[in-house]
>>> print(open('target-v2.txt').read())   # compact mmCIF, C-alpha atoms
# COMPACT_ATOMS: atom_id res chain seq x y z
CA GLY A 13 -3.34 6.03 38.33
CA ARG A 14 -2.08 9.57 38.40
CA ARG A 15 1.42 10.61 37.55
CA ALA A 16 3.61 13.04 39.42
CA GLN A 17 6.24 15.59 38.50
CA ARG A 18 9.37 16.14 40.53
CA GLY A 19 11.03 19.41 41.40
CA PRO A 20 14.52 20.38 40.29
CA CYS A 21 16.09 18.41 43.15
CA ASP A 22 15.15 15.20 41.34
CA ALA A 23 18.04 14.12 39.12
CA GLY A 24 16.78 14.27 35.56
CA GLY A 25 13.40 15.81 36.43
CA GLU A 26 11.57 12.68 35.28
CA ASP A 27 7.97 11.73 35.93
CA SER A 28 7.79 9.46 38.96
CA ARG A 29 7.45 5.74 38.51
CA ARG A 30 4.79 3.68 40.24
CA ALA A 31 5.61 3.47 43.94
CA GLU A 32 7.01 0.13 45.08
CA ARG A 33 5.22 -0.11 48.42
CA GLY A 34 5.67 -3.77 49.24
CA VAL A 35 1.97 -4.60 48.82
CA ALA A 36 -0.03 -5.90 45.91
CA ARG A 37 -2.13 -3.26 44.18
CA MET A 38 -5.80 -3.85 43.61
CA PRO A 39 -7.33 -3.23 40.16
CA GLU A 40 -7.95 0.39 39.25
CA PRO A 41 -11.18 1.50 40.96
CA SER A 42 -14.13 2.45 38.80
CA ARG A 43 -14.90 6.14 38.77
CA GLU A 44 -18.53 5.43 39.59
CA HIS A 45 -17.61 3.58 42.75
CA ALA A 46 -14.60 5.52 43.99
CA ARG A 47 -15.62 9.02 43.01
CA GLY A 48 -19.37 9.21 42.55
CA GLY A 49 -20.84 8.63 46.00
CA HIS A 50 -21.14 10.00 49.48
CA GLU A 51 -17.45 9.43 50.26
CA ARG A 52 -16.35 11.91 47.58
CA ARG A 53 -18.82 14.58 48.68
CA ALA A 54 -17.84 14.14 52.31
CA MET A 55 -14.15 14.54 51.50
CA GLN A 56 -14.93 17.73 49.59
CA ALA A 57 -17.00 19.00 52.52
CA THR A 58 -14.10 18.25 54.84
CA ALA A 59 -11.81 20.32 52.63
CA ALA A 60 -14.26 23.21 52.75
CA ALA A 61 -14.90 22.95 56.50
CA PRO A 62 -12.37 25.47 57.87
CA VAL A 63 -14.02 28.40 56.09
CA SER A 64 -13.58 30.93 58.87
CA ALA A 65 -9.79 30.92 58.81
CA PRO A 66 -8.10 33.80 56.95
CA ARG A 67 -6.39 32.92 53.69
CA PRO A 68 -3.77 31.61 53.32
CA ARG A 69 -4.88 28.88 55.70
CA THR A 70 -3.28 25.85 57.32
CA THR A 71 -5.16 22.76 58.46
CA CYS A 72 -3.46 20.24 60.73
CA VAL A 73 -5.08 16.77 60.58
CA PHE A 74 -4.43 14.80 63.76
CA SER A 75 -5.56 11.98 66.03
CA LEU A 76 -3.97 10.49 69.13
CA LYS A 77 -5.26 7.06 68.08
CA GLY A 78 -3.95 5.28 65.00
CA GLY A 79 -6.20 3.81 62.34
CA GLN A 80 -8.66 6.70 62.31
CA GLY A 81 -8.00 7.79 58.72
CA VAL A 82 -5.77 10.82 59.33
CA THR A 83 -3.65 10.29 56.21
CA THR A 84 -6.65 9.42 54.02
CA ILE A 85 -8.38 12.65 55.02
CA ALA A 86 -5.24 14.81 54.76
CA VAL A 87 -4.39 13.52 51.27
CA ASN A 88 -7.90 13.82 49.88
CA MET A 89 -8.43 17.23 51.49
CA THR A 90 -5.28 18.54 49.77
CA VAL A 91 -6.32 17.18 46.38
CA ALA A 92 -9.87 18.54 46.81
CA LEU A 93 -8.56 21.98 47.75
CA ALA A 94 -6.26 22.01 44.72
CA ALA A 95 -9.22 21.17 42.48
CA GLN A 96 -11.68 23.60 44.09
CA ALA A 97 -9.44 26.58 44.59
CA GLY A 98 -7.35 26.26 41.47
CA THR A 99 -4.48 27.74 43.47
CA PRO A 100 -1.30 26.16 44.87
CA CYS A 101 -1.93 23.74 47.76
CA ALA A 102 0.65 21.78 49.73
CA LEU A 103 0.65 18.63 51.86
CA LEU A 104 3.26 18.39 54.62
CA ASP A 105 3.83 14.87 55.99
CA LEU A 106 5.14 14.82 59.56
CA SER A 107 5.51 11.05 59.83
CA PHE A 108 9.29 11.28 59.62
CA GLY A 109 10.74 8.44 57.56
CA LEU A 110 7.64 6.25 57.80
CA GLY A 111 4.84 8.34 56.32
CA ASP A 112 2.25 6.78 54.02
CA ALA A 113 0.96 9.98 52.42
CA ALA A 114 3.40 9.76 49.50
CA GLY A 115 2.16 6.26 48.67
CA PHE A 116 -1.44 7.47 48.75
CA LEU A 117 -0.43 9.87 45.95
CA ASP A 118 1.86 7.41 44.15
CA LEU A 119 4.89 9.60 44.83
CA GLN A 120 8.44 8.59 45.71
CA PRO A 121 10.31 11.12 47.89
CA GLN A 122 14.08 11.01 47.50
CA TYR A 123 15.11 13.20 50.41
CA THR A 124 14.80 13.57 54.17
CA PHE A 125 14.29 16.81 56.03
CA ALA A 126 17.88 16.44 57.21
CA ASN A 127 18.94 16.70 53.54
CA LEU A 128 16.98 19.92 53.14
CA ILE A 129 17.77 21.64 56.44
CA GLY A 130 21.20 21.00 57.94
CA PRO A 131 22.08 21.23 61.65
CA GLY A 132 21.78 24.82 62.80
CA GLU A 133 20.41 25.99 59.45
CA ARG A 134 17.15 27.76 58.81
CA ALA A 135 14.68 26.47 56.28
CA ASP A 136 15.41 27.87 52.82
CA ALA A 137 12.26 28.56 50.81
CA SER A 138 13.77 27.93 47.37
CA ARG A 139 15.37 24.67 48.46
CA LEU A 140 12.15 23.41 50.04
CA GLN A 141 10.05 24.26 47.00
CA SER A 142 12.52 22.78 44.52
CA CYS A 143 12.46 19.45 46.36
CA MET A 144 8.67 19.20 46.65
CA LEU A 145 6.83 16.71 44.46
CA ARG A 146 3.95 17.91 42.30
CA HIS A 147 0.94 15.65 41.97
CA SER A 148 -1.12 15.71 38.77
CA SER A 149 -4.00 17.30 40.74
CA GLY A 150 -1.86 20.40 41.21
CA ALA A 151 -1.12 19.63 44.86
CA TYR A 152 2.47 19.65 46.13
CA TYR A 153 3.95 17.18 48.61
CA LEU A 154 6.75 17.66 51.13
CA GLY A 155 7.82 14.68 53.21
CA GLU A 156 10.62 12.24 53.73
CA ARG A 157 11.66 9.14 51.86
CA GLU A 158 11.08 5.86 53.67
CA SER A 159 13.92 5.27 56.11
CA VAL A 160 14.37 3.42 59.39
CA ASP A 161 18.09 4.12 59.67
CA GLU A 162 18.06 7.91 59.41
CA PRO A 163 15.68 9.48 61.91
CA SER A 164 15.07 13.11 61.06
CA ALA A 165 17.31 15.55 62.88
CA ILE A 166 15.11 18.56 62.14
CA THR A 167 14.28 20.59 65.23
CA PRO A 168 10.80 21.88 66.10
CA GLU A 169 11.99 25.40 65.35
CA GLN A 170 13.29 24.39 61.92
CA LEU A 171 10.01 22.65 61.19
CA ARG A 172 8.09 25.77 62.11
CA GLY A 173 10.32 27.74 59.76
CA ALA A 174 9.57 25.28 56.96
CA LEU A 175 5.84 25.66 57.63
CA THR A 176 6.15 29.45 57.53
CA HIS A 177 7.80 29.26 54.11
CA LEU A 178 5.05 26.97 52.83
CA GLN A 179 2.40 29.35 54.14
CA SER A 180 4.03 32.21 52.24
CA SER A 181 4.02 30.22 48.99
CA PHE A 182 0.77 28.23 49.05
CA THR A 183 -2.83 29.28 49.47
CA ASP A 184 -3.63 26.18 51.51
CA VAL A 185 -1.31 23.96 53.52
CA VAL A 186 -2.57 20.64 54.90
CA VAL A 187 -0.42 18.85 57.48
CA ASP A 188 -0.62 15.10 58.11
CA ALA A 189 0.38 15.34 61.78
CA GLY A 190 0.01 11.65 62.60
CA HIS A 191 -0.73 10.47 66.12
CA VAL A 192 2.01 11.78 68.43
CA ALA A 193 1.70 15.05 70.32
CA ASP A 194 5.39 15.91 70.64
CA SER A 195 7.34 19.15 70.38
CA HIS A 196 7.30 19.00 66.57
CA THR A 197 3.54 18.57 66.43
CA LEU A 198 2.97 21.34 68.97
CA GLU A 199 4.87 23.77 66.75
CA ILE A 200 2.54 22.87 63.87
CA PHE A 201 -0.53 23.20 66.11
CA SER A 202 0.57 26.72 67.00
CA GLY A 203 1.12 27.70 63.37
CA ALA A 204 -2.13 26.19 62.05
CA ASP A 205 -5.47 27.92 61.58
CA THR A 206 -7.41 24.70 62.18
CA ILE A 207 -6.67 21.48 64.05
CA LEU A 208 -8.91 18.82 62.50
CA LEU A 209 -9.21 16.10 65.14
CA VAL A 210 -10.17 12.83 63.45
CA ALA A 211 -12.11 10.09 65.22
CA THR A 212 -14.39 7.12 64.54
CA CYS A 213 -17.60 5.98 66.22
CA GLU A 214 -15.87 3.46 68.47
CA VAL A 215 -15.58 3.37 72.24
CA LEU A 216 -11.77 3.54 72.25
CA SER A 217 -11.86 6.44 69.81
CA VAL A 218 -14.26 8.29 72.10
CA ARG A 219 -11.79 7.90 74.96
CA SER A 220 -8.78 9.05 72.95
CA THR A 221 -10.73 12.01 71.55
CA LYS A 222 -11.76 13.15 75.03
CA TYR A 223 -8.13 13.03 76.09
CA ALA A 224 -6.94 14.83 72.95
CA LEU A 225 -9.50 17.59 73.47
CA ARG A 226 -8.40 18.06 77.08
CA LEU A 227 -4.76 18.16 75.97
CA LEU A 228 -5.34 20.68 73.20
CA GLN A 229 -7.52 22.88 75.40
CA SER A 230 -4.90 22.81 78.17
CA LEU A 231 -2.42 24.16 75.63
CA GLY A 232 -4.68 27.12 74.95
CA PHE A 233 -6.39 25.99 71.76
CA GLY A 234 -10.13 26.68 71.71
CA GLN A 235 -13.21 25.88 69.68
CA ASN A 236 -12.27 28.51 67.10
CA LYS A 237 -9.31 26.29 66.19
CA ILE A 238 -10.22 22.69 67.07
CA ARG A 239 -12.73 20.90 64.84
CA VAL A 240 -13.83 17.28 65.12
CA ALA A 241 -14.38 15.04 62.09
CA LEU A 242 -16.01 11.62 62.45
CA ASN A 243 -14.74 9.15 59.89
CA ARG A 244 -16.25 5.85 58.66
CA VAL A 245 -19.76 6.62 59.89
CA SER A 246 -22.38 3.92 59.28
CA ARG A 247 -25.51 2.47 60.84
CA GLN A 248 -23.44 -0.40 62.16
CA ASN A 249 -21.34 1.86 64.42
CA ALA A 250 -21.48 1.13 68.13
CA VAL A 251 -21.76 4.86 68.80
CA THR A 252 -23.87 7.37 66.86
CA PRO A 253 -22.47 10.81 65.96
CA ALA A 254 -24.91 12.41 68.41
CA GLN A 255 -23.80 10.09 71.22
CA PHE A 256 -20.18 10.76 70.34
CA ALA A 257 -20.64 14.53 70.55
CA ASP A 258 -22.52 14.24 73.86
CA THR A 259 -19.88 11.99 75.39
CA VAL A 260 -16.87 14.10 74.43
CA ALA A 261 -18.83 17.31 75.13
CA TYR A 262 -17.72 18.82 71.84
CA PRO A 263 -19.54 19.39 68.53
CA VAL A 264 -18.89 17.19 65.50
CA GLU A 265 -18.60 19.40 62.43
CA VAL A 266 -17.84 16.84 59.73
CA THR A 267 -19.05 13.26 59.22
CA ILE A 268 -17.57 11.01 56.53
CA PRO A 269 -19.52 7.87 55.56
CA ASP A 270 -17.92 4.45 55.61
CA ASP A 271 -16.91 3.14 52.19
CA TYR A 272 -14.17 0.63 52.94
CA ARG A 273 -13.90 -0.80 49.45
CA ALA A 274 -13.49 2.57 47.73
CA VAL A 275 -10.87 3.72 50.24
CA VAL A 276 -8.80 0.52 50.02
CA GLU A 277 -8.89 0.58 46.21
CA SER A 278 -7.84 4.23 46.24
CA ILE A 279 -4.92 3.58 48.59
CA ASN A 280 -3.67 0.53 46.69
CA ALA A 281 -3.94 2.37 43.36
CA GLY A 282 -2.16 5.46 44.68
CA ASP A 283 -5.08 7.48 43.31
CA PRO A 284 -7.06 9.78 45.67
CA LEU A 285 -10.83 9.47 45.97
CA VAL A 286 -11.63 13.06 45.00
>>> encode(input="target-v2.txt", output="structure tokens")
Amino acid sequence: GRRAQRGPCDAGGEDSRRAERGVARMPEPSREHARGGHERRAMQATAAAPVSAPRPRTTCVFSLKGGQGVTTIAVNMTVALAAQAGTPCALLDLSFGLGDAAGFLDLQPQYTFANLIGPGERADASRLQSCMLRHSSGAYYLGERESVDEPSAITPEQLRGALTHLQSSFTDVVVDAGHVADSHTLEIFSGADTILLVATCEVLSVRSTKYALRLLQSLGFGQNKIRVALNRVSRQNAVTPAQFADTVAYPVEVTIPDDYRAVVESINAGDPLV
């Protein structure tokens, strides 16, 4: 698995240990299986999809329905961008206190946003950057440590300020926005160049995507900003990509093939696909 480096906020500045995630890890995936097939190319294509946005660019990965692969896509997009661009890229995890993105990268956050931005304070760029975790791919991670007792007290305005600082420091910022369209998420939507709406070829996913598109469009976001990615596409799907696009009345720009084994091995190893 990959190793990570911590910023100066980490006492001792040590390399991170393997994340204790409460689940058994599978054996390390073979490079031929996890990195040599259609899944890897599709993830790289997803990273390259928002080409029309001016640089620096921000991509917000989102779905109203859970289990669609939002975190998998956000993590692998960030790592792919870091590898392709060779410039600083950042991943911002909005799943306050319960995010999985750090585990996907085998990182162990030690702070919450409340530690970084106090009540009434504005986001401080140097403090944010010093407390980010650097993955061996060159990507940087900003999120919260696992906590069910300390819900984040950061306001939407403070979150937008943190995003602005990241945008001034990193060529690409990818946001794992989760599945809730609240005031925090709406601030990120407004500050992003692209909203990547993730779905799967299932009937319930079609319904949630139609609703999400109506919601986003009602908020003033158009086709120049909203892009749809279909994840886990296979011949066994109940709905084809063409049927999906016709039903939601919106084009599908990215399709990612189903490779369950490679994805599960990647997640359990804390080692991205790309």
>>> closest_residue(input="target-v2.txt", among="A:Leu285, A:Val218, A:Leu228, A:Ile268", to="Ser149 of chain A", atoms="all atoms listed in the file")
A:Leu285
>>> residues_around(input="target-v2.txt", residues="Ser75 of chain A", least_positions_apart="6", cutoff="7 Å", atoms="all atoms listed in the file", output="ChimeraX atom specification")
/A:82,190-191,209-211
>>> write_last_selection(input="target-v2.txt", atoms="C-alpha atoms", output="PDB file, keeping the file's coordinate frame")
ATOM      1  CA  VAL A  82      -5.770  10.820  59.330  1.00  0.00           C
ATOM      2  CA  GLY A 190       0.010  11.650  62.600  1.00  0.00           C
ATOM      3  CA  HIS A 191      -0.730  10.470  66.120  1.00  0.00           C
ATOM      4  CA  LEU A 209      -9.210  16.100  65.140  1.00  0.00           C
ATOM      5  CA  VAL A 210     -10.170  12.830  63.450  1.00  0.00           C
ATOM      6  CA  ALA A 211     -12.110  10.090  65.220  1.00  0.00           C
TER       7      ALA A 211
END
>>> atom_distance(input="target-v2.txt", atom1="atom CA of Ala189 of chain A", atom2="atom CA of His147 of chain A")
19.8 Å
>>> residues_near_point(input="target-v2.txt", point="(13.7, 11.8, 53.2)", cutoff="6 Å", atoms="all atoms listed in the file", output="ChimeraX atom specification")
/A:122-125,156-157
>>> residues_around(input="target-v2.txt", residues="Ala261 of chain A", least_positions_apart="3", cutoff="12 Å", atoms="all atoms listed in the file", output="list in words")
Val218, Arg219, Thr221, Lys222, Tyr223, Leu225, Arg226, Gln235, Val240, Pro253, Ala254, Gln255, Phe256, Ala257, Asp258 and Val264 of chain A
>>> atom_distance(input="target-v2.txt", atom1="atom CA of Gly282 of chain A", atom2="atom CA of Ser148 of chain A")
11.9 Å
>>> atom_distance(input="target-v2.txt", atom1="atom CA of Gly150 of chain A", atom2="atom CA of Val275 of chain A")
21.0 Å
>>> closest_residue(input="target-v2.txt", among="A:Glu169, A:Asp184, A:Asp270, A:Glu214", to="Ile200 of chain A", atoms="all atoms listed in the file")
A:Glu169
>>> residues_around(input="target-v2.txt", residues="Thr197 of chain A", least_positions_apart="3", cutoff="10 Å", atoms="only C-alpha atoms", output="JSON, numbers by chain")
{"A": [72, 74, 106, 168, 171, 172, 187, 188, 189, 190, 191, 192, 193, 194, 200, 201, 202, 203]}
>>> closest_residue(input="target-v2.txt", among="A:Thr206, A:Ser181, A:Gln170, A:Ser246", to="Val73 of chain A", atoms="all atoms listed in the file")
A:Thr206
>>> closest_residue(input="target-v2.txt", among="A:Val266, A:Leu198, A:Ala174, A:Val186", to="Thr212 of chain A", atoms="all atoms listed in the file")
A:Val266
>>> axis_aligned_box(input="target-v2.txt", around="segment 206-214 of chain A", padding_each_side="3 Å", output="JSON")
{"center_x": -12.1, "center_y": 14.1, "center_z": 65.3, "size_x": 16.9, "size_y": 27.2, "size_z": 12.3}
>>> residues_around(input="target-v2.txt", residues="Ala114 of chain A", least_positions_apart="4", cutoff="9 Å", atoms="only C-alpha atoms", output="PyMOL selection string")
chain A and resi 31+87+105+118-121+153-157+282
>>> closest_residue(input="target-v2.txt", among="A:Val215, A:Ile129, A:Val251, A:Val185", to="Thr71 of chain A", atoms="all atoms listed in the file")
A:Val185
>>> residues_around(input="target-v2.txt", residues="Ala95 of chain A", least_positions_apart="6", cutoff="10 Å", atoms="all atoms listed in the file", output="number ranges by chain")
A: 56, 89, 101, 149-151, 286
>>> closest_residue(input="target-v2.txt", among="A:Ser220, A:Gln141, A:Thr99, A:Thr183", to="Gln80 of chain A", atoms="all atoms listed in the file")
A:Ser220
>>> build_atoms(input="target-v2.txt", residues="segment 205-225 of chain A", atoms="N, CA, C and O atoms", output="PDB file, keeping the file's coordinate frame")
ATOM      1  N   ASP A 205      -4.200  27.234  61.371  1.00  0.00           N
ATOM      2  CA  ASP A 205      -5.470  27.920  61.580  1.00  0.00           C
ATOM      3  C   ASP A 205      -6.508  26.969  62.166  1.00  0.00           C
ATOM      4  O   ASP A 205      -7.359  27.378  62.957  1.00  0.00           O
ATOM      5  N   THR A 206      -6.439  25.698  61.749  1.00  0.00           N
ATOM      6  CA  THR A 206      -7.410  24.700  62.180  1.00  0.00           C
ATOM      7  C   THR A 206      -6.701  23.412  62.553  1.00  0.00           C
ATOM      8  O   THR A 206      -5.816  22.958  61.828  1.00  0.00           O
ATOM      9  N   ILE A 207      -7.085  22.833  63.683  1.00  0.00           N
ATOM     10  CA  ILE A 207      -6.670  21.480  64.050  1.00  0.00           C
ATOM     11  C   ILE A 207      -7.873  20.588  63.828  1.00  0.00           C
ATOM     12  O   ILE A 207      -8.882  20.697  64.532  1.00  0.00           O
ATOM     13  N   LEU A 208      -7.807  19.731  62.805  1.00  0.00           N
ATOM     14  CA  LEU A 208      -8.910  18.820  62.500  1.00  0.00           C
ATOM     15  C   LEU A 208      -8.643  17.514  63.231  1.00  0.00           C
ATOM     16  O   LEU A 208      -7.782  16.730  62.844  1.00  0.00           O
ATOM     17  N   LEU A 209      -9.387  17.280  64.301  1.00  0.00           N
ATOM     18  CA  LEU A 209      -9.210  16.100  65.140  1.00  0.00           C
ATOM     19  C   LEU A 209     -10.094  14.980  64.593  1.00  0.00           C
ATOM     20  O   LEU A 209     -11.316  15.089  64.580  1.00  0.00           O
ATOM     21  N   VAL A 210      -9.454  13.914  64.119  1.00  0.00           N
ATOM     22  CA  VAL A 210     -10.170  12.830  63.450  1.00  0.00           C
ATOM     23  C   VAL A 210     -10.471  11.705  64.431  1.00  0.00           C
ATOM     24  O   VAL A 210      -9.622  11.315  65.237  1.00  0.00           O
ATOM     25  N   ALA A 211     -11.696  11.176  64.340  1.00  0.00           N
ATOM     26  CA  ALA A 211     -12.110  10.090  65.220  1.00  0.00           C
ATOM     27  C   ALA A 211     -13.058   9.169  64.465  1.00  0.00           C
ATOM     28  O   ALA A 211     -13.486   9.466  63.341  1.00  0.00           O
ATOM     29  N   THR A 212     -13.382   8.039  65.070  1.00  0.00           N
ATOM     30  CA  THR A 212     -14.390   7.120  64.540  1.00  0.00           C
ATOM     31  C   THR A 212     -15.397   6.826  65.644  1.00  0.00           C
ATOM     32  O   THR A 212     -15.146   7.102  66.824  1.00  0.00           O
ATOM     33  N   CYS A 213     -16.520   6.248  65.258  1.00  0.00           N
ATOM     34  CA  CYS A 213     -17.600   5.980  66.220  1.00  0.00           C
ATOM     35  C   CYS A 213     -17.357   4.675  66.959  1.00  0.00           C
ATOM     36  O   CYS A 213     -18.145   3.724  66.887  1.00  0.00           O
ATOM     37  N   GLU A 214     -16.235   4.614  67.661  1.00  0.00           N
ATOM     38  CA  GLU A 214     -15.870   3.460  68.470  1.00  0.00           C
ATOM     39  C   GLU A 214     -15.567   3.922  69.882  1.00  0.00           C
ATOM     40  O   GLU A 214     -15.137   5.057  70.103  1.00  0.00           O
ATOM     41  N   VAL A 215     -15.753   3.011  70.839  1.00  0.00           N
ATOM     42  CA  VAL A 215     -15.580   3.370  72.240  1.00  0.00           C
ATOM     43  C   VAL A 215     -14.159   3.847  72.523  1.00  0.00           C
ATOM     44  O   VAL A 215     -13.949   4.868  73.195  1.00  0.00           O
ATOM     45  N   LEU A 216     -13.156   3.142  71.999  1.00  0.00           N
ATOM     46  CA  LEU A 216     -11.770   3.540  72.250  1.00  0.00           C
ATOM     47  C   LEU A 216     -11.453   4.879  71.596  1.00  0.00           C
ATOM     48  O   LEU A 216     -10.656   5.669  72.125  1.00  0.00           O
ATOM     49  N   SER A 217     -12.066   5.155  70.463  1.00  0.00           N
ATOM     50  CA  SER A 217     -11.860   6.440  69.810  1.00  0.00           C
ATOM     51  C   SER A 217     -12.497   7.567  70.614  1.00  0.00           C
ATOM     52  O   SER A 217     -11.951   8.679  70.681  1.00  0.00           O
ATOM     53  N   VAL A 218     -13.634   7.295  71.220  1.00  0.00           N
ATOM     54  CA  VAL A 218     -14.260   8.290  72.100  1.00  0.00           C
ATOM     55  C   VAL A 218     -13.312   8.656  73.232  1.00  0.00           C
ATOM     56  O   VAL A 218     -13.094   9.842  73.535  1.00  0.00           O
ATOM     57  N   ARG A 219     -12.709   7.655  73.841  1.00  0.00           N
ATOM     58  CA  ARG A 219     -11.790   7.900  74.960  1.00  0.00           C
ATOM     59  C   ARG A 219     -10.580   8.711  74.523  1.00  0.00           C
ATOM     60  O   ARG A 219     -10.187   9.679  75.203  1.00  0.00           O
ATOM     61  N   SER A 220      -9.968   8.325  73.400  1.00  0.00           N
ATOM     62  CA  SER A 220      -8.780   9.050  72.950  1.00  0.00           C
ATOM     63  C   SER A 220      -9.119  10.472  72.529  1.00  0.00           C
ATOM     64  O   SER A 220      -8.321  11.400  72.720  1.00  0.00           O
ATOM     65  N   THR A 221     -10.314  10.671  71.963  1.00  0.00           N
ATOM     66  CA  THR A 221     -10.730  12.010  71.550  1.00  0.00           C
ATOM     67  C   THR A 221     -10.955  12.910  72.761  1.00  0.00           C
ATOM     68  O   THR A 221     -10.583  14.093  72.748  1.00  0.00           O
ATOM     69  N   LYS A 222     -11.571  12.373  73.799  1.00  0.00           N
ATOM     70  CA  LYS A 222     -11.760  13.150  75.030  1.00  0.00           C
ATOM     71  C   LYS A 222     -10.416  13.595  75.585  1.00  0.00           C
ATOM     72  O   LYS A 222     -10.247  14.753  75.992  1.00  0.00           O
ATOM     73  N   TYR A 223      -9.454  12.686  75.589  1.00  0.00           N
ATOM     74  CA  TYR A 223      -8.130  13.030  76.090  1.00  0.00           C
ATOM     75  C   TYR A 223      -7.457  14.071  75.201  1.00  0.00           C
ATOM     76  O   TYR A 223      -6.843  15.035  75.699  1.00  0.00           O
ATOM     77  N   ALA A 224      -7.557  13.873  73.883  1.00  0.00           N
ATOM     78  CA  ALA A 224      -6.940  14.830  72.950  1.00  0.00           C
ATOM     79  C   ALA A 224      -7.538  16.218  73.112  1.00  0.00           C
ATOM     80  O   ALA A 224      -6.818  17.226  73.071  1.00  0.00           O
ATOM     81  N   LEU A 225      -8.854  16.297  73.279  1.00  0.00           N
ATOM     82  CA  LEU A 225      -9.500  17.590  73.470  1.00  0.00           C
ATOM     83  C   LEU A 225      -9.015  18.265  74.755  1.00  0.00           C
ATOM     84  O   LEU A 225      -8.726  19.471  74.768  1.00  0.00           O
TER      85      LEU A 225
END
